[in-house]
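Here is the file final.txt (compact mmCIF, N, CA, C and O atoms).
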# COMPACT_ATOMS: atom_id res chain seq x y z
N MET A 1 0.84 -1.17 0.00
CA MET A 1 0.00 0.00 0.00
C MET A 1 0.89 1.24 0.00
O MET A 1 1.76 1.39 0.82
N ALA A 2 0.65 2.12 -0.93
CA ALA A 2 1.43 3.35 -1.02
C ALA A 2 0.85 4.41 -0.10
O ALA A 2 -0.36 4.51 0.07
N PHE A 3 1.73 5.18 0.50
CA PHE A 3 1.29 6.26 1.35
C PHE A 3 1.35 7.56 0.57
O PHE A 3 2.35 7.87 -0.05
N MET A 4 0.26 8.30 0.62
CA MET A 4 0.17 9.57 -0.10
C MET A 4 0.29 10.71 0.90
O MET A 4 -0.18 10.60 2.02
N ARG A 5 0.88 11.78 0.47
CA ARG A 5 0.95 12.98 1.28
C ARG A 5 -0.03 13.99 0.71
O ARG A 5 0.03 14.33 -0.46
N TYR A 6 -0.95 14.44 1.54
CA TYR A 6 -1.98 15.36 1.09
C TYR A 6 -1.75 16.74 1.68
O TYR A 6 -1.26 16.87 2.80
N ARG A 7 -2.17 17.75 0.93
CA ARG A 7 -2.14 19.11 1.45
C ARG A 7 -3.22 19.21 2.52
O ARG A 7 -4.31 18.66 2.37
N ALA A 8 -2.93 19.98 3.55
CA ALA A 8 -3.91 20.18 4.62
C ALA A 8 -4.95 21.19 4.17
O ALA A 8 -4.71 22.03 3.31
N LEU A 9 -6.12 21.10 4.75
CA LEU A 9 -7.16 22.09 4.52
C LEU A 9 -6.68 23.41 5.08
O LEU A 9 -6.17 23.48 6.19
N PRO A 10 -6.78 24.50 4.32
CA PRO A 10 -6.29 25.80 4.80
C PRO A 10 -6.92 26.19 6.14
O PRO A 10 -8.10 25.94 6.37
N GLN A 11 -6.12 26.77 7.00
CA GLN A 11 -6.60 27.20 8.32
C GLN A 11 -7.53 28.40 8.18
O GLN A 11 -7.48 29.12 7.20
N GLY A 12 -8.33 28.62 9.19
CA GLY A 12 -9.25 29.74 9.16
C GLY A 12 -10.49 29.39 8.38
O GLY A 12 -11.05 28.32 8.53
N GLU A 13 -10.91 30.31 7.53
CA GLU A 13 -12.09 30.10 6.70
C GLU A 13 -11.67 30.01 5.24
O GLU A 13 -11.50 31.03 4.57
N PRO A 14 -11.49 28.79 4.72
CA PRO A 14 -11.09 28.66 3.32
C PRO A 14 -12.22 29.09 2.39
O PRO A 14 -13.39 29.03 2.74
N THR A 15 -11.85 29.51 1.21
CA THR A 15 -12.84 29.84 0.19
C THR A 15 -13.33 28.55 -0.45
O THR A 15 -12.74 27.48 -0.26
N VAL A 16 -14.36 28.67 -1.24
CA VAL A 16 -14.89 27.51 -1.94
C VAL A 16 -13.83 26.93 -2.88
O VAL A 16 -13.68 25.72 -2.98
N GLU A 17 -13.08 27.81 -3.55
CA GLU A 17 -12.04 27.33 -4.46
C GLU A 17 -10.98 26.54 -3.71
O GLU A 17 -10.49 25.52 -4.20
N GLU A 18 -10.58 27.01 -2.53
CA GLU A 18 -9.58 26.30 -1.73
C GLU A 18 -10.12 24.95 -1.26
O GLU A 18 -9.42 23.95 -1.28
N PHE A 19 -11.38 24.94 -0.84
CA PHE A 19 -12.00 23.68 -0.39
C PHE A 19 -12.10 22.70 -1.55
O PHE A 19 -11.78 21.53 -1.41
N ARG A 20 -12.51 23.20 -2.71
CA ARG A 20 -12.64 22.34 -3.89
C ARG A 20 -11.28 21.78 -4.31
O ARG A 20 -11.15 20.60 -4.64
N ALA A 21 -10.23 22.62 -4.28
CA ALA A 21 -8.87 22.17 -4.63
C ALA A 21 -8.37 21.14 -3.63
O ALA A 21 -7.74 20.15 -4.01
N TRP A 22 -8.66 21.37 -2.35
CA TRP A 22 -8.25 20.41 -1.33
C TRP A 22 -8.94 19.08 -1.53
O TRP A 22 -8.32 18.02 -1.50
N LEU A 23 -10.24 19.12 -1.81
CA LEU A 23 -11.02 17.90 -2.00
C LEU A 23 -10.60 17.15 -3.26
O LEU A 23 -10.58 15.92 -3.27
N ALA A 24 -10.23 17.88 -4.31
CA ALA A 24 -9.86 17.26 -5.59
C ALA A 24 -8.66 16.34 -5.46
O ALA A 24 -8.54 15.37 -6.23
N GLN A 25 -7.78 16.59 -4.52
CA GLN A 25 -6.60 15.73 -4.39
C GLN A 25 -6.95 14.32 -3.91
O GLN A 25 -6.15 13.41 -4.03
N PHE A 26 -8.17 14.13 -3.43
CA PHE A 26 -8.60 12.81 -2.97
C PHE A 26 -9.37 12.05 -4.04
O PHE A 26 -9.82 10.94 -3.80
N ASP A 27 -9.53 12.63 -5.22
CA ASP A 27 -10.21 11.98 -6.33
C ASP A 27 -9.26 10.96 -6.93
O ASP A 27 -8.54 11.23 -7.89
N ALA A 28 -9.24 9.77 -6.35
CA ALA A 28 -8.24 8.75 -6.69
C ALA A 28 -8.32 8.31 -8.15
O ALA A 28 -7.28 8.09 -8.77
N ASP A 29 -9.51 8.16 -8.70
CA ASP A 29 -9.62 7.69 -10.08
C ASP A 29 -9.69 8.83 -11.10
O ASP A 29 -9.85 8.58 -12.29
N ARG A 30 -9.56 10.06 -10.64
CA ARG A 30 -9.51 11.26 -11.49
C ARG A 30 -10.70 11.36 -12.46
O ARG A 30 -10.56 11.78 -13.60
N ASP A 31 -11.88 10.98 -11.97
CA ASP A 31 -13.08 11.07 -12.81
C ASP A 31 -13.86 12.36 -12.57
O ASP A 31 -14.91 12.58 -13.18
N GLY A 32 -13.36 13.20 -11.66
CA GLY A 32 -14.04 14.47 -11.38
C GLY A 32 -15.18 14.34 -10.41
O GLY A 32 -15.89 15.31 -10.15
N ARG A 33 -15.37 13.14 -9.85
CA ARG A 33 -16.44 12.90 -8.88
C ARG A 33 -15.83 12.34 -7.60
O ARG A 33 -14.82 11.65 -7.65
N ILE A 34 -16.46 12.65 -6.47
CA ILE A 34 -15.96 12.17 -5.18
C ILE A 34 -16.88 11.06 -4.68
O ILE A 34 -18.08 11.28 -4.48
N SER A 35 -16.32 9.89 -4.48
CA SER A 35 -17.09 8.76 -3.95
C SER A 35 -17.07 8.80 -2.43
O SER A 35 -16.34 9.58 -1.83
N ARG A 36 -17.85 7.92 -1.82
CA ARG A 36 -17.86 7.83 -0.36
C ARG A 36 -16.48 7.45 0.16
O ARG A 36 -16.00 8.01 1.15
N GLU A 37 -15.80 6.54 -0.52
CA GLU A 37 -14.47 6.11 -0.09
C GLU A 37 -13.47 7.26 -0.19
O GLU A 37 -12.62 7.42 0.68
N GLU A 38 -13.56 8.03 -1.25
CA GLU A 38 -12.65 9.17 -1.43
C GLU A 38 -12.93 10.25 -0.38
O GLU A 38 -11.99 10.85 0.17
N LEU A 39 -14.20 10.49 -0.09
CA LEU A 39 -14.54 11.45 0.95
C LEU A 39 -14.08 10.95 2.32
O LEU A 39 -13.59 11.73 3.14
N GLN A 40 -14.18 9.66 2.54
CA GLN A 40 -13.70 9.08 3.79
C GLN A 40 -12.20 9.32 3.95
O GLN A 40 -11.72 9.68 5.03
N GLN A 41 -11.45 9.15 2.87
CA GLN A 41 -10.00 9.40 2.92
C GLN A 41 -9.72 10.86 3.24
O GLN A 41 -8.82 11.18 4.01
N ALA A 42 -10.51 11.77 2.65
CA ALA A 42 -10.34 13.20 2.93
C ALA A 42 -10.60 13.50 4.40
O ALA A 42 -9.84 14.25 5.04
N LEU A 43 -11.64 12.90 4.95
CA LEU A 43 -11.96 13.13 6.36
C LEU A 43 -10.91 12.52 7.28
O LEU A 43 -10.58 13.09 8.32
N ARG A 44 -10.36 11.38 6.89
CA ARG A 44 -9.27 10.77 7.68
C ARG A 44 -8.06 11.69 7.73
O ARG A 44 -7.37 11.75 8.74
N SER A 45 -7.80 12.41 6.64
CA SER A 45 -6.64 13.30 6.63
C SER A 45 -6.82 14.46 7.62
O SER A 45 -5.85 15.08 8.01
N LEU A 46 -8.07 14.74 7.98
CA LEU A 46 -8.36 15.78 8.97
C LEU A 46 -8.47 15.22 10.39
O LEU A 46 -8.83 15.94 11.32
N ASN A 47 -8.20 13.91 10.54
CA ASN A 47 -8.33 13.21 11.82
C ASN A 47 -9.74 13.28 12.38
O ASN A 47 -9.93 13.42 13.58
N VAL A 48 -10.72 13.17 11.49
CA VAL A 48 -12.13 13.17 11.90
C VAL A 48 -12.48 11.78 12.40
O VAL A 48 -12.22 10.78 11.73
N TRP A 49 -13.09 11.73 13.59
CA TRP A 49 -13.53 10.45 14.13
C TRP A 49 -14.73 9.96 13.34
O TRP A 49 -15.54 10.74 12.87
N PHE A 50 -14.86 8.62 13.25
CA PHE A 50 -15.96 7.98 12.53
C PHE A 50 -16.06 8.50 11.10
O PHE A 50 -17.14 8.80 10.61
N SER A 51 -14.92 8.59 10.42
CA SER A 51 -14.89 9.15 9.08
C SER A 51 -15.76 8.37 8.10
O SER A 51 -16.37 8.95 7.21
N TRP A 52 -15.86 7.07 8.26
CA TRP A 52 -16.69 6.26 7.36
C TRP A 52 -18.15 6.65 7.49
O TRP A 52 -18.88 6.73 6.50
N TRP A 53 -18.59 6.92 8.71
CA TRP A 53 -19.98 7.27 8.96
C TRP A 53 -20.28 8.69 8.46
O TRP A 53 -21.32 8.93 7.83
N LYS A 54 -19.37 9.60 8.71
CA LYS A 54 -19.56 10.98 8.27
C LYS A 54 -19.45 11.10 6.76
O LYS A 54 -20.14 11.91 6.14
N ALA A 55 -18.59 10.28 6.14
CA ALA A 55 -18.50 10.28 4.67
C ALA A 55 -19.80 9.76 4.07
O ALA A 55 -20.29 10.31 3.07
N ARG A 56 -20.37 8.74 4.68
CA ARG A 56 -21.65 8.23 4.20
C ARG A 56 -22.72 9.30 4.28
O ARG A 56 -23.48 9.52 3.35
N GLY A 57 -22.76 10.02 5.41
CA GLY A 57 -23.73 11.09 5.58
C GLY A 57 -23.50 12.24 4.60
O GLY A 57 -24.46 12.82 4.08
N GLY A 58 -22.25 12.56 4.34
CA GLY A 58 -21.93 13.63 3.41
C GLY A 58 -22.36 13.31 1.99
O GLY A 58 -22.93 14.16 1.30
N VAL A 59 -22.11 12.09 1.55
CA VAL A 59 -22.52 11.69 0.20
C VAL A 59 -24.04 11.64 0.12
O VAL A 59 -24.63 12.10 -0.86
N ARG A 60 -24.69 11.12 1.13
CA ARG A 60 -26.16 11.09 1.13
C ARG A 60 -26.76 12.49 1.07
O ARG A 60 -27.74 12.72 0.38
N ALA A 61 -26.16 13.42 1.81
CA ALA A 61 -26.68 14.79 1.83
C ALA A 61 -26.42 15.51 0.51
O ALA A 61 -27.22 16.34 0.09
N ALA A 62 -25.31 15.20 -0.15
CA ALA A 62 -24.91 15.94 -1.35
C ALA A 62 -25.39 15.32 -2.65
O ALA A 62 -25.57 16.02 -3.64
N ASP A 63 -25.60 14.02 -2.67
CA ASP A 63 -25.88 13.29 -3.91
C ASP A 63 -27.33 13.48 -4.35
O ASP A 63 -28.22 12.75 -3.94
N ALA A 64 -27.55 14.45 -5.23
CA ALA A 64 -28.91 14.78 -5.68
C ALA A 64 -29.45 13.77 -6.69
O ALA A 64 -30.65 13.51 -6.73
N ASN A 65 -28.58 13.18 -7.51
CA ASN A 65 -29.07 12.27 -8.55
C ASN A 65 -29.01 10.80 -8.16
O ASN A 65 -29.38 9.94 -8.94
N GLY A 66 -28.51 10.49 -6.97
CA GLY A 66 -28.53 9.12 -6.46
C GLY A 66 -27.51 8.19 -7.07
O GLY A 66 -27.66 6.97 -6.96
N ASP A 67 -26.43 8.70 -7.67
CA ASP A 67 -25.43 7.82 -8.26
C ASP A 67 -24.34 7.41 -7.29
O ASP A 67 -23.42 6.67 -7.64
N GLY A 68 -24.41 7.91 -6.05
CA GLY A 68 -23.43 7.52 -5.04
C GLY A 68 -22.14 8.31 -5.07
O GLY A 68 -21.17 7.97 -4.39
N ARG A 69 -22.10 9.38 -5.86
CA ARG A 69 -20.90 10.21 -5.98
C ARG A 69 -21.30 11.68 -5.96
O ARG A 69 -22.41 12.03 -6.32
N VAL A 70 -20.36 12.52 -5.55
CA VAL A 70 -20.57 13.97 -5.53
C VAL A 70 -19.90 14.55 -6.75
O VAL A 70 -18.68 14.44 -6.90
N ALA A 71 -20.71 15.14 -7.63
CA ALA A 71 -20.18 15.73 -8.86
C ALA A 71 -21.06 16.91 -9.26
O ALA A 71 -22.24 16.94 -8.97
N GLY A 72 -20.48 17.87 -9.91
CA GLY A 72 -21.23 19.02 -10.37
C GLY A 72 -21.32 20.09 -9.30
O GLY A 72 -21.17 19.82 -8.10
N ASP A 73 -21.57 21.30 -9.74
CA ASP A 73 -21.59 22.44 -8.82
C ASP A 73 -22.67 22.33 -7.77
O ASP A 73 -22.45 22.68 -6.61
N ASP A 74 -23.86 21.85 -8.13
CA ASP A 74 -24.96 21.75 -7.17
C ASP A 74 -24.63 20.76 -6.05
O ASP A 74 -24.82 21.05 -4.88
N GLU A 75 -24.12 19.60 -6.42
CA GLU A 75 -23.80 18.59 -5.41
C GLU A 75 -22.60 19.01 -4.56
O GLU A 75 -22.57 18.74 -3.36
N VAL A 76 -21.63 19.68 -5.16
CA VAL A 76 -20.49 20.16 -4.39
C VAL A 76 -20.94 21.23 -3.41
O VAL A 76 -20.51 21.25 -2.25
N ALA A 77 -21.86 22.09 -3.83
CA ALA A 77 -22.41 23.10 -2.92
C ALA A 77 -23.14 22.44 -1.75
O ALA A 77 -23.05 22.90 -0.61
N ARG A 78 -23.83 21.35 -2.02
CA ARG A 78 -24.50 20.61 -0.94
C ARG A 78 -23.47 19.99 0.03
O ARG A 78 -23.69 19.96 1.22
N LEU A 79 -22.36 19.51 -0.53
CA LEU A 79 -21.31 18.97 0.32
C LEU A 79 -20.68 20.06 1.18
O LEU A 79 -20.38 19.84 2.36
N PHE A 80 -20.50 21.27 0.62
CA PHE A 80 -19.99 22.40 1.40
C PHE A 80 -20.92 22.68 2.57
O PHE A 80 -20.47 22.88 3.69
N ALA A 81 -22.21 22.71 2.30
CA ALA A 81 -23.19 22.98 3.36
C ALA A 81 -23.15 21.90 4.43
O ALA A 81 -23.21 22.19 5.63
N PHE A 82 -23.00 20.64 4.02
CA PHE A 82 -22.88 19.54 4.98
C PHE A 82 -21.63 19.71 5.84
O PHE A 82 -21.68 19.51 7.05
N ALA A 83 -20.51 20.06 5.21
CA ALA A 83 -19.26 20.23 5.95
C ALA A 83 -19.38 21.34 6.99
O ALA A 83 -18.89 21.21 8.10
N GLN A 84 -20.06 22.41 6.63
CA GLN A 84 -20.24 23.50 7.59
C GLN A 84 -21.12 23.09 8.75
O GLN A 84 -20.82 23.40 9.89
N ARG A 85 -22.21 22.41 8.46
CA ARG A 85 -23.15 22.01 9.51
C ARG A 85 -22.64 20.90 10.41
O ARG A 85 -22.82 20.93 11.61
N ASN A 86 -22.00 19.89 9.81
CA ASN A 86 -21.70 18.67 10.55
C ASN A 86 -20.24 18.44 10.87
O ASN A 86 -19.94 17.59 11.71
N LEU A 87 -19.34 19.14 10.21
CA LEU A 87 -17.92 18.88 10.42
C LEU A 87 -17.17 20.08 10.97
O LEU A 87 -15.96 20.07 11.09
N ASN A 88 -17.89 21.14 11.29
CA ASN A 88 -17.31 22.37 11.82
C ASN A 88 -16.26 22.96 10.90
O ASN A 88 -15.28 23.54 11.36
N VAL A 89 -16.44 22.80 9.60
CA VAL A 89 -15.57 23.43 8.62
C VAL A 89 -16.20 24.77 8.28
O VAL A 89 -17.36 24.83 7.88
N LYS A 90 -15.46 25.82 8.44
CA LYS A 90 -15.96 27.16 8.13
C LYS A 90 -15.48 27.55 6.75
O LYS A 90 -14.29 27.60 6.48
N ILE A 91 -16.41 27.83 5.86
CA ILE A 91 -16.10 28.23 4.50
C ILE A 91 -16.63 29.64 4.31
O ILE A 91 -17.74 29.95 4.74
N THR A 92 -15.87 30.48 3.67
CA THR A 92 -16.27 31.86 3.46
C THR A 92 -17.63 31.92 2.79
O THR A 92 -17.79 31.42 1.68
N GLN A 93 -18.59 32.52 3.47
CA GLN A 93 -19.98 32.55 3.00
C GLN A 93 -20.15 33.27 1.67
O GLN A 93 -20.99 32.90 0.89
N THR A 94 -19.41 34.32 1.41
CA THR A 94 -19.61 35.09 0.20
C THR A 94 -19.33 34.26 -1.04
O THR A 94 -19.82 34.58 -2.12
N GLN A 95 -18.57 33.18 -0.91
CA GLN A 95 -18.24 32.36 -2.07
C GLN A 95 -19.25 31.27 -2.34
O GLN A 95 -19.21 30.62 -3.36
N LEU A 96 -20.19 31.03 -1.43
CA LEU A 96 -21.08 29.89 -1.55
C LEU A 96 -22.30 30.13 -2.43
O LEU A 96 -22.99 29.20 -2.76
N GLY A 97 -22.59 31.35 -2.78
CA GLY A 97 -23.75 31.59 -3.61
C GLY A 97 -25.02 31.42 -2.80
O GLY A 97 -25.26 32.14 -1.85
N TYR A 98 -25.80 30.40 -3.13
CA TYR A 98 -27.10 30.23 -2.48
C TYR A 98 -27.05 29.39 -1.22
O TYR A 98 -28.08 29.15 -0.62
N TYR A 99 -25.91 28.87 -0.81
CA TYR A 99 -25.83 28.09 0.42
C TYR A 99 -25.25 28.92 1.49
O TYR A 99 -24.28 29.39 1.61
Please, can you express the file's structure as structure tokens?
Amino acid sequence: MAFMRYRALPQGEPTVEEFRAWLAQFDADRDGRISREELQQALRSLNVWFSWWKARGGVRAADANGDGRVAGDDEVARLFAFAQRNLNVKITQTQLGYY
């Protein structure tokens, strides 16, 4: 098993672009979509407890079309909202648009 080094989530209140760039590094298959497993890996990098459970909740909250992956601006915006509500991640509000 190879060990990957990931960039940390920026301290303070990252912008949506910073959050999206941070999340993109966990897209293991480079398909532009984040699966539950990829989100779990991202949460593990933040030392979040019960990352498997929170990743499941994040994908359920964000996945509007039911394909089991987070893709597209609408679903990513839903994931941002989930991260703010449930993971105590503060994202600059002015960048979120309608969320």
Interatomic distance between atom O of Ala21 in chain A and CA of Gly66 in chain A? 23.7 Å
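Of the listed residues A:Gln40, A:Asn47, A:Leu79, A:Leu9, the one whose atoms come nearest to Ala62 in chain A is A:Leu79, with distances taken using only C-alpha atoms.
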Pick out each residue of range 15-85 of chain A that DSSP on the backbone tags as helix (DSSP H, G or I); I need them as number ranges by chain. A: 16-24, 36-45, 51-62, 72-85
Distance in Å - CA of Arg85 in chain A versus CA of Ala64 in chain A: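 Computed distance, CA of Arg85 in chain A to CA of Ala64 in chain A, equals 17.8 Å.
Across A:Thr15, A:Asp31, A:Val70, A:Val48, the tightest approach to Leu87 in chain A is made by A:Val48 when counting all atoms listed in the file.
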One-decimal distance in Å that lies between CA of Gly12 in chain A and CA of Asp63 in chain A: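 A separation of 26.8 Å between them.
When only C-alpha atoms are used to compute distances to Trp53 in chain A, the closest of the residues A:Glu75, A:Glu37, A:Asp29, A:Asp67 turns out to be A:Glu37.
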When you count all atoms listed in the file, which of these residues is closest to Asn86 in chain A: A:Val59, A:Lys54, A:Leu23, A:Leu46? A:Lys54
Go ahead and fit an axis-aligned box to every listed atom of range 33-40 of chain A plus 4 Å each side, and pass me the centre and edge lengths in Å, one decimal, as AutoDock Vina command-line options.
--center_x -14.9 --center_y 9.6 --center_z -2.4 --size_x 14.4 --size_y 15.0 --size_z 22.9
